[in-house]
$ cat structure.csv   # CSV, C-alpha atoms and all ligand atoms
chain,number,residue,atom,x,y,z
A,127,MET,CA,-3.0,14.3,-1.3
A,128,ARG,CA,-0.7,13.8,-4.3
A,129,PHE,CA,0.9,10.4,-5.2
A,130,ASP,CA,3.7,10.2,-7.7
A,131,ILE,CA,4.9,6.7,-8.8
A,132,VAL,CA,8.1,6.2,-10.8
A,133,ALA,CA,8.5,2.8,-12.3
A,134,MET,CA,9.8,0.9,-15.3
A,135,TRP,CA,6.3,-0.2,-16.2
A,136,PRO,CA,3.9,2.4,-14.7
A,137,GLU,CA,1.0,1.1,-16.9
A,138,MET,CA,0.9,-1.9,-14.5
A,139,LEU,CA,-0.5,0.5,-11.9
A,140,ALA,CA,-3.1,2.2,-14.0
A,141,PRO,CA,-5.8,-0.4,-13.2
A,142,TYR,CA,-5.4,0.1,-9.4
A,143,ALA,CA,-5.8,3.8,-9.8
A,144,SER,CA,-8.8,3.6,-12.1
A,145,ARG,CA,-11.2,1.4,-10.1
A,146,GLY,CA,-13.1,1.4,-6.8
A,147,THR,CA,-12.2,3.5,-3.8
A,148,LEU,CA,-9.1,5.1,-5.4
A,149,TRP,CA,-11.0,6.1,-8.5
A,150,ALA,CA,-13.8,7.6,-6.4
A,151,ALA,CA,-11.2,9.5,-4.3
A,152,GLN,CA,-9.7,11.0,-7.4
A,153,GLU,CA,-13.2,12.0,-8.7
A,154,ARG,CA,-13.8,13.7,-5.4
A,155,GLN,CA,-10.4,15.4,-5.6
A,156,LEU,CA,-9.2,13.9,-2.4
A,157,ILE,CA,-6.2,12.3,-4.0
A,158,GLU,CA,-4.2,12.8,-7.2
A,159,VAL,CA,-2.3,9.9,-8.8
A,160,HIS,CA,0.6,10.6,-11.3
A,161,LEU,CA,2.3,7.7,-13.0
A,162,HIS,CA,5.8,8.3,-14.4
A,163,ARG,CA,7.9,6.1,-16.7
A,164,LEU,CA,11.5,5.9,-15.4
A,165,GLU,CA,13.0,5.9,-18.9
A,166,THR,CA,11.7,9.4,-19.6
A,167,PHE,CA,14.1,10.7,-16.9
A,168,ALA,CA,17.2,8.9,-18.3
A,169,LEU,CA,20.1,11.1,-19.5
A,170,ALA,CA,19.6,12.3,-23.1
A,171,GLY,CA,21.8,10.4,-25.5
A,172,ARG,CA,22.4,7.7,-22.8
A,173,PRO,CA,19.0,6.3,-22.2
A,174,LEU,CA,20.2,3.7,-19.7
A,175,VAL,CA,18.2,2.9,-16.6
A,176,ASP,CA,20.4,0.0,-15.5
A,177,ASP,CA,24.0,-1.2,-15.7
A,178,ARG,CA,26.4,-3.9,-14.4
A,179,PRO,CA,27.1,-3.9,-10.7
A,180,PHE,CA,30.4,-2.5,-9.4
A,181,GLY,CA,32.3,-5.4,-7.8
A,182,GLY,CA,30.8,-7.9,-10.1
A,183,GLY,CA,28.0,-10.3,-9.6
A,184,ALA,CA,24.9,-11.5,-11.4
A,185,GLY,CA,22.2,-9.2,-12.9
A,186,MET,CA,21.8,-5.5,-13.5
A,187,VAL,CA,21.5,-2.6,-11.0
A,188,MET,CA,19.3,0.4,-11.6
A,189,ARG,CA,21.3,3.6,-12.2
A,190,PRO,CA,20.8,6.6,-9.9
A,191,GLU,CA,20.5,9.4,-12.4
A,192,PRO,CA,17.0,8.7,-13.7
A,193,PHE,CA,15.6,8.4,-10.2
A,194,ALA,CA,17.4,11.7,-9.1
A,195,ARG,CA,16.0,13.5,-12.1
A,196,ALA,CA,12.5,12.1,-11.5
A,197,ILE,CA,12.6,13.3,-7.8
A,198,GLU,CA,13.6,16.8,-8.9
A,199,ALA,CA,11.1,17.0,-11.7
A,200,ILE,CA,8.2,15.8,-9.5
A,201,GLY,CA,9.2,18.3,-6.8
A,202,THR,CA,9.0,21.1,-9.3
A,203,GLU,CA,5.7,19.9,-10.7
A,204,ALA,CA,4.2,19.4,-7.3
A,205,GLY,CA,5.4,22.8,-6.0
A,206,THR,CA,6.4,21.1,-2.7
A,207,LYS,CA,9.0,18.7,-1.5
A,208,PRO,CA,7.2,15.3,-1.6
A,209,PHE,CA,8.0,12.7,1.0
A,210,THR,CA,10.0,10.2,-1.1
A,211,VAL,CA,10.0,6.5,-0.5
A,212,LEU,CA,12.2,3.8,-2.2
A,213,LEU,CA,10.3,0.5,-2.4
A,214,SER,CA,12.7,-2.2,-1.3
A,215,ALA,CA,12.7,-5.6,0.4
A,216,GLN,CA,15.4,-4.1,2.7
A,217,GLY,CA,13.2,-1.3,3.9
A,218,VAL,CA,11.1,-0.9,7.1
A,219,ARG,CA,8.0,-3.0,7.0
A,220,LEU,CA,4.8,-1.3,5.9
A,221,ASP,CA,2.0,-1.7,8.5
A,222,GLN,CA,-1.3,0.1,9.1
A,223,LYS,CA,0.3,2.6,11.5
A,224,LEU,CA,2.9,3.7,8.9
A,225,ALA,CA,0.1,3.9,6.2
A,226,ARG,CA,-1.9,6.2,8.5
A,227,GLU,CA,1.2,8.4,9.1
A,228,LEU,CA,2.0,8.7,5.5
A,229,ALA,CA,-1.6,9.6,4.7
A,230,HIS,CA,-0.9,12.9,6.4
A,231,LYS,CA,1.7,14.0,3.9
A,232,ARG,CA,0.8,16.5,1.3
A,233,ALA,CA,2.7,14.6,-1.4
A,234,LEU,CA,4.2,11.1,-1.5
A,235,THR,CA,6.6,9.9,-4.2
A,236,LEU,CA,7.1,6.1,-4.6
A,237,LEU,CA,10.2,4.8,-6.5
A,238,ALA,CA,10.0,1.2,-7.8
A,239,GLY,CA,13.0,-0.8,-8.7
A,240,ARG,CA,13.6,-3.9,-10.9
A,241,TYR,CA,16.4,-6.3,-11.6
A,242,GLU,CA,18.9,-6.7,-8.7
A,243,GLY,CA,17.6,-3.5,-7.2
A,244,VAL,CA,18.5,0.2,-7.2
A,245,ASP,CA,21.9,1.9,-6.7
A,246,GLU,CA,22.3,2.6,-3.0
A,247,ARG,CA,22.7,6.3,-3.5
A,248,VAL,CA,19.0,6.5,-4.5
A,249,ALA,CA,18.2,5.3,-0.9
A,250,GLN,CA,20.3,8.2,0.4
A,251,MET,CA,18.2,10.7,-1.5
A,252,CYS,CA,14.9,9.3,-0.1
A,253,ASP,CA,13.2,10.0,3.2
A,254,LEU,CA,12.4,6.3,3.8
A,255,GLU,CA,12.9,2.8,2.4
A,256,ILE,CA,9.8,0.7,2.7
A,257,SER,CA,9.2,-3.1,2.2
A,258,ILE,CA,5.7,-4.5,1.9
A,259,GLY,CA,6.8,-7.8,3.4
A,260,ASP,CA,9.6,-10.3,4.0
A,261,TYR,CA,9.7,-11.7,0.5
A,262,VAL,CA,11.3,-10.5,-2.8
A,263,LEU,CA,9.2,-9.4,-5.7
A,264,ALA,CA,10.5,-9.1,-9.3
A,265,GLY,CA,9.8,-5.4,-9.3
A,266,GLY,CA,8.4,-2.5,-7.2
A,267,GLU,CA,5.3,-1.9,-9.2
A,268,VAL,CA,3.1,-4.2,-7.2
A,269,ALA,CA,4.6,-2.8,-4.0
A,270,ALA,CA,3.7,0.7,-5.2
A,271,ALA,CA,0.1,-0.5,-5.9
A,272,VAL,CA,-0.1,-1.9,-2.3
A,273,MET,CA,1.2,1.4,-0.9
A,274,LEU,CA,-1.2,3.4,-3.0
A,275,GLU,CA,-4.2,1.4,-1.7
A,276,ALA,CA,-3.1,1.2,1.9
A,277,VAL,CA,-2.1,4.9,2.2
A,278,GLY,CA,-4.8,6.2,-0.1
A,279,ARG,CA,-7.7,4.7,1.9
A,280,MET,CA,-6.3,6.4,5.1
A,281,VAL,CA,-6.5,9.8,3.5
A,282,PRO,CA,-9.4,11.5,5.4
A,283,GLY,CA,-12.7,11.2,3.5
A,284,VAL,CA,-11.5,8.5,1.1
A,285,VAL,CA,-13.2,5.6,2.8
A,286,GLY,CA,-16.9,6.3,2.5
A,287,ARG,CA,-20.3,4.9,3.2
A,288,HIS,CA,-19.7,1.5,1.5
A,289,GLU,CA,-16.8,0.5,3.7
A,290,SER,CA,-15.6,1.5,7.1
A,291,ALA,CA,-12.0,1.7,8.1
A,292,ALA,CA,-12.9,1.8,11.8
A,293,THR,CA,-13.8,-1.9,11.9
A,294,ASP,CA,-10.8,-3.0,9.8
A,295,SER,CA,-8.1,-5.2,11.1
A,296,PHE,CA,-5.3,-3.1,12.8
A,297,PHE,CA,-7.3,0.1,12.7
A,298,SER,CA,-7.5,0.7,16.4
A,299,GLY,CA,-4.8,-1.5,17.8
A,300,PRO,CA,-3.3,-4.8,17.1
A,301,LEU,CA,-6.5,-6.8,16.6
A,302,LEU,CA,-7.7,-8.4,13.4
A,303,GLY,CA,-11.3,-7.5,12.3
A,304,HIS,CA,-14.3,-9.5,13.4
A,305,PRO,CA,-15.8,-12.1,11.0
A,306,GLN,CA,-18.4,-10.7,8.5
A,307,TYR,CA,-21.6,-12.4,7.2
A,308,THR,CA,-24.2,-11.4,4.6
A,309,ARG,CA,-27.2,-13.1,2.9
A,310,PRO,CA,-28.2,-15.9,2.6
A,311,ARG,CA,-28.7,-16.9,6.2
A,312,THR,CA,-27.9,-20.5,5.5
A,313,PHE,CA,-25.4,-21.4,2.8
A,314,ARG,CA,-24.4,-25.1,2.1
A,315,LYS,CA,-25.6,-26.0,5.6
A,316,MET,CA,-23.5,-23.2,7.2
A,317,SER,CA,-25.7,-20.8,9.1
A,318,VAL,CA,-25.0,-17.2,10.1
A,319,PRO,CA,-24.5,-17.0,13.9
A,320,GLU,CA,-27.8,-16.4,15.6
A,321,VAL,CA,-26.6,-13.3,17.6
A,322,LEU,CA,-26.2,-11.4,14.3
A,323,ILE,CA,-29.9,-11.6,13.5
A,324,SER,CA,-31.0,-11.0,17.1
A,325,GLY,CA,-31.3,-7.2,16.7
A,326,ASP,CA,-29.6,-6.9,20.1
A,327,HIS,CA,-26.8,-4.4,19.3
A,328,GLU,CA,-25.0,-4.7,22.6
A,329,ARG,CA,-24.8,-8.5,22.2
A,330,ILE,CA,-23.6,-8.1,18.7
A,331,ARG,CA,-20.9,-5.6,19.8
A,332,ARG,CA,-19.7,-8.0,22.5
A,333,TRP,CA,-19.8,-11.1,20.1
A,334,ARG,CA,-17.8,-9.2,17.5
A,335,ALA,CA,-15.2,-8.1,20.1
A,336,VAL,CA,-14.7,-11.7,21.3
A,337,GLN,CA,-14.5,-13.0,17.7
A,338,ALA,CA,-11.9,-10.4,16.8
A,339,TRP,CA,-9.8,-11.6,19.8
A,340,ARG,CA,-10.3,-15.3,18.9
A,341,LYS,CA,-9.3,-14.7,15.3
A,342,THR,CA,-6.2,-12.7,16.3
A,343,LEU,CA,-5.1,-15.4,18.8
A,344,ARG,CA,-5.6,-18.1,16.2
A,345,HIS,CA,-4.0,-16.4,13.2
A,346,ARG,CA,-1.6,-13.8,14.6
A,347,PRO,CA,-0.7,-14.5,18.3
A,348,ASP,CA,2.4,-12.3,17.7
A,349,LEU,CA,0.2,-9.2,17.5
A,350,VAL,CA,-1.1,-9.5,21.1
A,351,GLN,CA,1.9,-10.8,22.9
A,401,LIG,N1,18.4,-7.7,-4.7
A,401,LIG,C1,17.3,-7.1,-3.9
A,401,LIG,C2,17.4,-7.5,-2.5
A,401,LIG,O1,18.1,-8.5,-2.2
A,401,LIG,O2,16.7,-6.9,-1.7
A,401,LIG,C3,16.0,-7.5,-4.6
A,401,LIG,C4,15.6,-6.7,-5.8
A,401,LIG,S1,14.0,-7.0,-6.4
A,401,LIG,C5,14.2,-8.4,-7.5
A,401,LIG,C6,13.7,-5.7,-7.5
A,401,LIG,C7,12.8,-4.6,-7.0
A,401,LIG,O3,11.6,-5.1,-6.5
A,401,LIG,C8,13.4,-3.8,-5.8
A,401,LIG,O4,14.3,-2.8,-6.2
A,401,LIG,C9,12.2,-3.2,-5.2
A,401,LIG,O5,11.8,-2.0,-5.8
A,401,LIG,C10,11.1,-4.2,-5.5
A,401,LIG,N2,10.8,-5.1,-4.3
A,401,LIG,C11,11.1,-6.4,-4.2
A,401,LIG,N3,10.7,-6.9,-3.1
A,401,LIG,C12,10.0,-5.9,-2.4
A,401,LIG,C13,9.4,-5.8,-1.2
A,401,LIG,N4,9.3,-6.8,-0.3
A,401,LIG,N5,8.9,-4.6,-0.8
A,401,LIG,C14,9.0,-3.5,-1.6
A,401,LIG,N6,9.6,-3.6,-2.8
A,401,LIG,C15,10.1,-4.8,-3.2
$ encode --input "structure.csv" --output "structure tokens"
Amino acid sequence: MRFDIVAMWPEMLAPYASRGTLWAAQERQLIEVHLHRLETFALAGRPLVDDRPFGGGAGMVMRPEPFARAIEAIGTEAGTKPFTVLLSAQGVRLDQKLARELAHKRALTLLAGRYEGVDERVAQMCDLEISIGDYVLAGGEVAAAVMLEAVGRMVPGVVGRHESAATDSFFSGPLLGHPQYTRPRTFRKMSVPEVLISGDHERIRRWRAVQAWRKTLRHRPDLVQ
């Protein structure tokens, strides 16, 4: 799967793409990550990516032309029409189900804004507007990093031996994941639940299921209503 990210400061994203699961996925050619600097798509002789808002008001709004040119250039480079997403606090909320759906696309382009946001005509050129949560960030770069990780790990084969998506929170329904423990067996007078060292796999499975429900009811009762 191909990811293209267009941002004012794409270098902020390089560390996410060059470590851990995402890096391994690129090495194994399961995903490709292409980072693009928005400025390089600005109109020649008028290298503006932002301007004052029509109708007045504070701050600057990001102009539509650089985003339009980026979408077109990426489509040509990718040889396909990527599914294009504008990152925005006003978008539909990202969740695990949406991340899994997006992981089936051949190519995904993520557009990150800054300042007061992006000219509304860019949203009209996109397939979807996505928010990573009900709060406002200063820019879309962090949102793009979140999308890259959340969608990237859902691409078949990306999550390997060292982690398992199947026991993750939200993977097979609305439940949070069960609690995890590792060595030492006792840490600062807190002991690992006895059942986990019993070797009884059926008891362990049932204990984990109950704990997942408990944690969900305690932290996110909205999920199981
Ligand atoms: N004026 C905008 C509003 O009321 O929604 C907020 C603009 S915000 C300061 C600048 C950029 O950060 C946005 O264009 C978007 O790309 C990104 N951003 C901010 N919050 C976000 C969120 N919750 N999810 C995704 N992107 C977000």
$ residues_near_ligand --input "structure.csv" --ligand "ligand LIG 401 (chain A)" --cutoff "10 Å" --atoms "all atoms listed in the file" --output "ChimeraX atom specification"
/A:133,185-188,212-220,236-245,255-270,272-273
$ atom_distance --input "structure.csv" --atom1 "CA of Leu349 (chain A)" --atom2 "CA of His230 (chain A)"
24.8 Å
$ atom_distance --input "structure.csv" --atom1 "CA of Thr235 (chain A)" --atom2 "CA of Asp221 (chain A)"
17.8 Å
$ atom_distance --input "structure.csv" --atom1 "CA of Gly283 (chain A)" --atom2 "CA of Ala271 (chain A)"
19.7 Å
$ residues_near_point --input "structure.csv" --point "(14.7, 13.3, -19.3)" --cutoff "12 Å" --atoms "all atoms listed in the file" --output "JSON, numbers by chain"
{"A": [162, 163, 164, 165, 166, 167, 168, 169, 170, 171, 172, 173, 174, 175, 191, 192, 193, 194, 195, 196, 197, 198, 199]}
$ closest_residue --input "structure.csv" --among "A:Lys223, A:Arg178, A:Arg128, A:Lys207" --to "Gln155 (chain A)" --atoms "all atoms listed in the file"
A:Arg128
$ residues_around --input "structure.csv" --residues "Tyr142 (chain A)" --least-positions-apart "5" --cutoff "9 Å" --atoms "all atoms listed in the file" --output "PyMOL selection string"
chain A and resi 148-149+271+274-275
$ residues_near_point --input "structure.csv" --point "(-14.5, -5.7, 14.5)" --cutoff "7 Å" --atoms "only C-alpha atoms" --output "list of chain:residue names"
A:Thr293, A:Asp294, A:Gly303, A:His304, A:Arg334, A:Ala335, A:Ala338
$ closest_residue --input "structure.csv" --among "A:Asp130, A:Gly181, A:Glu137, A:Lys231" --to "Pro282 (chain A)" --atoms "all atoms listed in the file"
A:Lys231
$ residues_around --input "structure.csv" --residues "Gly278 (chain A)" --least-positions-apart "5" --cutoff "9 Å" --atoms "all atoms listed in the file" --output "number ranges by chain"
A: 127, 129, 147-148, 151, 157, 225, 229, 273, 284-285
$ build_atoms --input "structure.csv" --residues "region 147-158 of chain A" --atoms "all heavy atoms" --output "tab-separated table (two decimals), keeping the file's coordinate frame"
chain	number	residue	atom	x	y	z
A	147	THR	N	-12.39	2.43	-4.81
A	147	THR	CA	-12.20	3.50	-3.80
A	147	THR	C	-11.19	4.55	-4.32
A	147	THR	O	-11.42	5.75	-4.15
A	147	THR	CB	-11.64	2.87	-2.52
A	147	THR	OG1	-12.55	1.86	-2.10
A	147	THR	CG2	-11.50	3.90	-1.42
A	148	LEU	N	-10.09	4.10	-4.93
A	148	LEU	CA	-9.10	5.10	-5.40
A	148	LEU	C	-9.60	5.94	-6.51
A	148	LEU	O	-9.30	7.13	-6.58
A	148	LEU	CB	-7.80	4.34	-5.82
A	148	LEU	CG	-7.00	3.68	-4.70
A	148	LEU	CD1	-5.82	2.93	-5.29
A	148	LEU	CD2	-6.52	4.71	-3.69
A	149	TRP	N	-10.39	5.34	-7.39
A	149	TRP	CA	-11.00	6.10	-8.50
A	149	TRP	C	-11.93	7.16	-7.93
A	149	TRP	O	-11.89	8.34	-8.29
A	149	TRP	CB	-11.64	5.20	-9.50
A	149	TRP	CG	-12.29	5.96	-10.61
A	149	TRP	CD1	-13.64	6.10	-10.85
A	149	TRP	CD2	-11.63	6.72	-11.62
A	149	TRP	NE1	-13.84	6.88	-11.94
A	149	TRP	CE2	-12.63	7.29	-12.44
A	149	TRP	CE3	-10.29	6.99	-11.90
A	149	TRP	CZ2	-12.32	8.11	-13.52
A	149	TRP	CZ3	-9.98	7.79	-12.98
A	149	TRP	CH2	-11.00	8.35	-13.77
A	150	ALA	N	-12.80	6.71	-7.04
A	150	ALA	CA	-13.80	7.60	-6.40
A	150	ALA	C	-13.08	8.77	-5.71
A	150	ALA	O	-13.50	9.93	-5.77
A	150	ALA	CB	-14.70	6.85	-5.48
A	151	ALA	N	-11.97	8.45	-5.05
A	151	ALA	CA	-11.20	9.50	-4.30
A	151	ALA	C	-10.64	10.52	-5.26
A	151	ALA	O	-10.58	11.71	-4.93
A	151	ALA	CB	-10.11	8.83	-3.49
A	152	GLN	N	-10.24	10.08	-6.43
A	152	GLN	CA	-9.70	11.00	-7.40
A	152	GLN	C	-10.85	11.89	-7.98
A	152	GLN	O	-10.70	13.10	-8.16
A	152	GLN	CB	-9.02	10.30	-8.55
A	152	GLN	CG	-7.69	9.69	-8.12
A	152	GLN	CD	-7.16	8.74	-9.17
A	152	GLN	OE1	-6.49	9.14	-10.10
A	152	GLN	NE2	-7.48	7.46	-9.02
A	153	GLU	N	-11.99	11.25	-8.24
A	153	GLU	CA	-13.20	12.00	-8.70
A	153	GLU	C	-13.57	13.08	-7.77
A	153	GLU	O	-13.99	14.16	-8.15
A	153	GLU	CB	-14.33	11.03	-8.97
A	153	GLU	CG	-14.13	10.08	-10.13
A	153	GLU	CD	-14.32	10.77	-11.47
A	153	GLU	OE1	-15.47	11.05	-11.80
A	153	GLU	OE2	-13.31	11.03	-12.15
A	154	ARG	N	-13.44	12.75	-6.47
A	154	ARG	CA	-13.80	13.70	-5.40
A	154	ARG	C	-12.66	14.64	-5.05
A	154	ARG	O	-12.74	15.38	-4.08
A	154	ARG	CB	-14.32	12.96	-4.20
A	154	ARG	CG	-15.67	12.27	-4.48
A	154	ARG	CD	-15.96	11.15	-3.51
A	154	ARG	NE	-16.02	11.59	-2.15
A	154	ARG	CZ	-15.64	10.88	-1.09
A	154	ARG	NH1	-15.14	9.66	-1.25
A	154	ARG	NH2	-15.74	11.36	0.12
A	155	GLN	N	-11.59	14.56	-5.80
A	155	GLN	CA	-10.40	15.40	-5.60
A	155	GLN	C	-9.79	15.32	-4.23
A	155	GLN	O	-9.25	16.30	-3.70
A	155	GLN	CB	-10.73	16.86	-5.99
A	155	GLN	CG	-11.19	16.95	-7.42
A	155	GLN	CD	-11.43	18.36	-7.89
A	155	GLN	OE1	-11.46	19.30	-7.09
A	155	GLN	NE2	-11.61	18.53	-9.18
A	156	LEU	N	-9.87	14.12	-3.65
A	156	LEU	CA	-9.20	13.90	-2.40
A	156	LEU	C	-7.78	13.45	-2.57
A	156	LEU	O	-6.92	13.72	-1.74
A	156	LEU	CB	-9.99	12.82	-1.56
A	156	LEU	CG	-11.41	13.21	-1.15
A	156	LEU	CD1	-12.15	12.01	-0.60
A	156	LEU	CD2	-11.36	14.33	-0.12
A	157	ILE	N	-7.57	12.72	-3.67
A	157	ILE	CA	-6.20	12.30	-4.00
A	157	ILE	C	-5.96	12.56	-5.50
A	157	ILE	O	-6.91	12.61	-6.30
A	157	ILE	CB	-5.88	10.86	-3.66
A	157	ILE	CG1	-6.73	9.88	-4.49
A	157	ILE	CG2	-6.05	10.58	-2.19
A	157	ILE	CD1	-6.24	8.44	-4.41
A	158	GLU	N	-4.67	12.71	-5.84
A	158	GLU	CA	-4.20	12.80	-7.20
A	158	GLU	C	-3.21	11.65	-7.42
A	158	GLU	O	-2.37	11.46	-6.54
A	158	GLU	CB	-3.48	14.06	-7.54
A	158	GLU	CG	-4.31	15.28	-7.70
A	158	GLU	CD	-3.40	16.50	-7.88
A	158	GLU	OE1	-2.32	16.39	-8.50
A	158	GLU	OE2	-3.78	17.55	-7.35
